$ cat query.txt   # compact mmCIF, C-alpha atoms
# COMPACT_ATOMS: atom_id res chain seq x y z
CA MET A 264 112.68 110.03 128.78
CA GLU A 265 112.85 112.86 131.28
CA LYS A 266 114.14 116.29 130.28
CA ILE A 267 116.28 118.11 132.84
CA ASN A 268 117.88 121.53 132.69
CA GLN A 269 121.43 121.21 134.00
CA ASN A 270 120.78 124.17 136.30
CA GLN A 271 118.15 122.20 138.23
CA ASN A 272 119.07 120.96 141.69
CA THR A 273 118.15 117.31 141.24
CA THR A 274 118.79 114.38 143.55
CA PHE A 275 118.79 110.89 142.10
CA CYS A 276 117.73 107.78 143.94
CA PRO A 277 118.89 104.52 142.30
CA THR A 278 115.48 102.95 142.83
CA ASP A 279 113.52 105.82 141.27
CA LEU A 280 115.13 106.56 137.91
CA ALA A 281 113.68 107.21 134.48
CA GLY A 282 114.94 105.09 131.59
CA ALA A 283 116.70 108.07 130.01
CA TYR A 284 117.46 111.71 130.74
CA LEU A 285 118.01 114.55 128.30
CA VAL A 286 120.16 117.27 129.86
CA THR A 287 119.71 120.77 128.41
CA GLY A 288 121.05 124.24 129.13
CA GLY A 289 124.54 125.60 129.59
CA SER A 290 127.58 124.69 127.52
CA ALA A 291 128.41 121.18 126.34
CA ALA A 292 131.09 120.90 129.03
CA GLU A 293 128.62 121.96 131.75
CA ARG A 294 126.03 119.42 130.56
CA GLU A 295 128.63 116.64 130.49
CA ASN A 296 129.85 117.63 133.95
CA TRP A 297 126.30 117.61 135.30
CA ALA A 298 125.59 114.20 133.75
CA THR A 299 128.84 112.83 135.18
CA ARG A 300 127.83 114.01 138.68
CA ALA A 301 124.41 112.39 138.28
CA ILE A 302 126.04 109.10 137.27
CA GLN A 303 128.34 109.37 140.28
CA MET A 304 125.35 110.02 142.50
CA VAL A 305 123.60 106.76 141.59
CA ASN A 306 126.78 104.65 141.65
CA CYS A 307 128.56 106.17 144.65
CA LEU A 308 129.55 103.70 147.35
CA GLN A 309 129.36 106.47 149.97
CA THR A 310 125.68 107.34 149.49
CA GLU A 311 124.34 104.94 152.10
CA THR A 312 124.09 107.85 154.55
CA SER A 313 124.17 110.77 152.13
CA ARG A 314 122.69 111.48 148.68
CA ARG A 315 125.80 113.41 147.58
CA PRO A 316 128.77 111.81 145.89
CA TRP A 317 131.99 113.05 147.40
CA ALA A 318 134.27 111.62 144.72
CA VAL A 319 136.24 109.63 147.29
CA CYS A 320 134.92 106.13 146.63
CA ALA A 321 136.40 103.91 143.94
CA ASN A 322 133.34 104.21 141.69
CA CYS A 323 133.29 108.02 141.78
CA GLN A 324 137.01 108.24 141.07
CA LYS A 325 136.74 105.87 138.11
CA ILE A 326 133.77 107.78 136.71
CA GLU A 327 135.71 111.05 137.03
CA ALA A 328 138.76 109.49 135.32
CA LYS A 329 136.52 108.04 132.56
CA THR A 330 137.71 104.51 133.38
CA PHE A 331 134.50 103.15 134.93
CA VAL A 332 133.67 100.03 132.89
CA ASP A 333 129.93 100.40 133.43
CA LEU A 334 129.81 103.95 132.06
CA LEU A 335 129.43 103.67 128.32
CA ARG A 336 130.39 106.84 126.47
CA VAL A 337 129.32 107.57 122.91
CA GLU A 338 131.07 110.41 121.12
CA ALA A 339 131.27 111.45 117.49
CA GLU A 340 134.14 109.69 115.73
CA THR A 341 134.17 112.28 112.96
CA SER A 342 131.46 114.87 112.52
CA GLN A 343 128.63 112.52 113.48
CA ILE A 344 127.66 109.58 115.65
CA LYS A 345 127.05 106.59 113.39
CA ILE A 346 124.74 103.58 113.50
CA GLU A 347 127.66 101.23 114.22
CA GLN A 348 128.30 103.06 117.50
CA ILE A 349 124.67 102.66 118.57
CA ARG A 350 124.70 98.97 117.59
CA GLY A 351 127.84 98.50 119.68
CA LEU A 352 126.16 100.33 122.53
CA LYS A 353 123.14 98.04 122.31
CA GLN A 354 125.40 94.98 122.38
CA ASN A 355 127.26 96.31 125.46
CA LEU A 356 123.99 97.09 127.23
CA SER A 357 122.90 93.47 126.92
CA LEU A 358 125.80 92.44 129.21
CA THR A 359 125.48 92.42 132.99
CA GLN A 360 127.05 95.36 134.79
CA PHE A 361 130.42 94.63 136.39
CA GLU A 362 130.75 97.01 139.35
CA ALA A 363 127.96 99.54 139.03
CA ARG A 364 124.63 99.73 140.76
CA ILE A 365 123.23 101.26 137.61
CA ARG A 366 124.87 100.96 134.19
CA ALA A 367 124.91 104.34 132.48
CA VAL A 368 125.33 105.65 128.96
CA LEU A 369 126.59 109.14 128.28
CA ILE A 370 126.01 110.35 124.73
CA VAL A 371 128.14 113.44 124.27
CA ASP A 372 126.66 115.92 121.78
CA CYS A 373 123.67 113.76 120.85
CA GLU A 374 122.74 116.30 118.18
CA LYS A 375 125.55 114.69 116.14
CA LEU A 376 123.58 111.43 115.81
CA ASN A 377 122.84 110.81 112.14
CA ILE A 378 119.23 109.99 111.30
CA ILE A 379 119.77 106.23 111.16
CA ALA A 380 121.58 106.29 114.53
CA GLN A 381 118.75 108.39 115.99
CA ASN A 382 116.20 105.77 114.96
CA ALA A 383 118.34 102.93 116.35
CA LEU A 384 118.73 104.79 119.65
CA LEU A 385 114.98 105.39 119.90
CA LYS A 386 114.31 101.71 119.24
CA THR A 387 116.81 100.78 121.98
CA LEU A 388 115.06 103.13 124.41
CA GLU A 389 111.66 101.69 123.52
CA GLU A 390 112.81 98.06 123.63
CA PRO A 391 115.83 97.77 125.98
CA PRO A 392 118.15 94.80 125.39
$ encode --input "query.txt" --output "structure tokens"
Amino acid sequence: MEKINQNQNTTFCPTDLAGAYLVTGGSAAERENWATRAIQMVNCLQTETSRRPWAVCANCQKIEAKTFVDLLRVEAETSQIKIEQIRGLKQNLSLTQFEARIRAVLIVDCEKLNIIAQNALLKTLEEPP
């Protein structure tokens, strides 16, 4: 896992990615926005000549609209993220991506993972499906 401050100016190359990134700094909305841009960057159809997503390709627009099927979002259903959500995530990750170069998972407010869900997520990171 690589830790990144959302204020860093980072460029992502789809062939040189860590297995997971932890985004820190700023507000929750800023971190989510930064993570969304990073996901766009690795899945953008326009990046053949440029490393910057311009939000004009179909993938970038779907990611922005939260309708991209290969972007799996995990959010707290109540006050916490439960083990069932992580198990469902693991099951979805075992499927082949549909339209993405890189399938991505965005865990919003990961501090809301309960202890059992934290352990399941760590096991998934250590032993990907």
$ residues_around --input "query.txt" --residues "range 355-360 of chain A" --least-positions-apart "2" --cutoff "10 Å" --atoms "all atoms listed in the file" --output "PyMOL selection string"
chain A and resi 332-335+349-353+362-368+387+391-392
$ closest_residue --input "query.txt" --among "A:Cys373, A:Leu280, A:Cys307, A:Ala380" --to "Glu327 in chain A" --atoms "only C-alpha atoms"
A:Cys307
$ residues_around --input "query.txt" --residues "Ile378 in chain A" --least-positions-apart "3" --cutoff "12 Å" --atoms "only C-alpha atoms" --output "ChimeraX atom specification"
/A:343-346,349,373-375,381-385
$ atom_distance --input "query.txt" --atom1 "CA of Ala281 in chain A" --atom2 "CA of Gln303 in chain A"
15.9 Å
$ closest_residue --input "query.txt" --among "A:Phe361, A:Gln354, A:Glu390, A:Ala339" --to "Leu376 in chain A" --atoms "all atoms listed in the file"
A:Ala339
$ closest_residue --input "query.txt" --among "A:Ile379, A:Lys386, A:Ile326, A:Phe331" --to "Asn296 in chain A" --atoms "all atoms listed in the file"
A:Ile326
$ atom_distance --input "query.txt" --atom1 "CA of Val371 in chain A" --atom2 "CA of Glu347 in chain A"
15.8 Å
$ closest_residue --input "query.txt" --among "A:Asn377, A:Leu369, A:Val319, A:Gly288" --to "Ile302 in chain A" --atoms "all atoms listed in the file"
A:Leu369
$ atom_distance --input "query.txt" --atom1 "CA of Glu338 in chain A" --atom2 "CA of Ile370 in chain A"
6.2 Å
$ build_atoms --input "query.txt" --residues "range 359-371 of chain A" --atoms "N, CA, C and O atoms" --output "CSV table (one decimal), in the coordinates of the input"
chain,number,residue,atom,x,y,z
A,359,THR,N,125.7,92.1,131.6
A,359,THR,CA,125.5,92.4,133.0
A,359,THR,C,126.5,93.4,133.5
A,359,THR,O,127.7,93.3,133.1
A,360,GLN,N,126.1,94.4,134.3
A,360,GLN,CA,127.0,95.4,134.8
A,360,GLN,C,128.1,94.7,135.7
A,360,GLN,O,127.8,93.7,136.3
A,361,PHE,N,129.3,95.2,135.7
A,361,PHE,CA,130.4,94.6,136.4
A,361,PHE,C,130.5,95.1,137.8
A,361,PHE,O,130.6,94.4,138.8
A,362,GLU,N,130.6,96.5,138.0
A,362,GLU,CA,130.8,97.0,139.4
A,362,GLU,C,129.8,98.1,139.7
A,362,GLU,O,129.8,98.7,140.8
A,363,ALA,N,128.9,98.4,138.8
A,363,ALA,CA,128.0,99.5,139.0
A,363,ALA,C,126.7,99.1,139.6
A,363,ALA,O,126.2,97.9,139.4
A,364,ARG,N,126.0,100.0,140.3
A,364,ARG,CA,124.6,99.7,140.8
A,364,ARG,C,123.7,99.9,139.5
A,364,ARG,O,122.9,99.1,139.3
A,365,ILE,N,124.0,100.9,138.8
A,365,ILE,CA,123.2,101.3,137.6
A,365,ILE,C,124.2,101.5,136.5
A,365,ILE,O,125.1,102.3,136.6
A,366,ARG,N,124.0,100.7,135.4
A,366,ARG,CA,124.9,101.0,134.2
A,366,ARG,C,124.4,102.2,133.5
A,366,ARG,O,123.2,102.5,133.4
A,367,ALA,N,125.3,103.1,133.1
A,367,ALA,CA,124.9,104.3,132.5
A,367,ALA,C,125.5,104.5,131.1
A,367,ALA,O,126.6,104.0,130.8
A,368,VAL,N,124.8,105.3,130.3
A,368,VAL,CA,125.3,105.6,129.0
A,368,VAL,C,125.4,107.2,128.9
A,368,VAL,O,124.4,107.8,129.3
A,369,LEU,N,126.5,107.7,128.5
A,369,LEU,CA,126.6,109.1,128.3
A,369,LEU,C,126.8,109.4,126.8
A,369,LEU,O,127.9,109.0,126.3
A,370,ILE,N,125.9,110.0,126.1
A,370,ILE,CA,126.0,110.4,124.7
A,370,ILE,C,126.4,111.8,124.7
A,370,ILE,O,125.6,112.7,125.0
A,371,VAL,N,127.6,112.1,124.3
A,371,VAL,CA,128.1,113.4,124.3
A,371,VAL,C,127.7,114.1,122.9
A,371,VAL,O,128.0,113.5,121.9
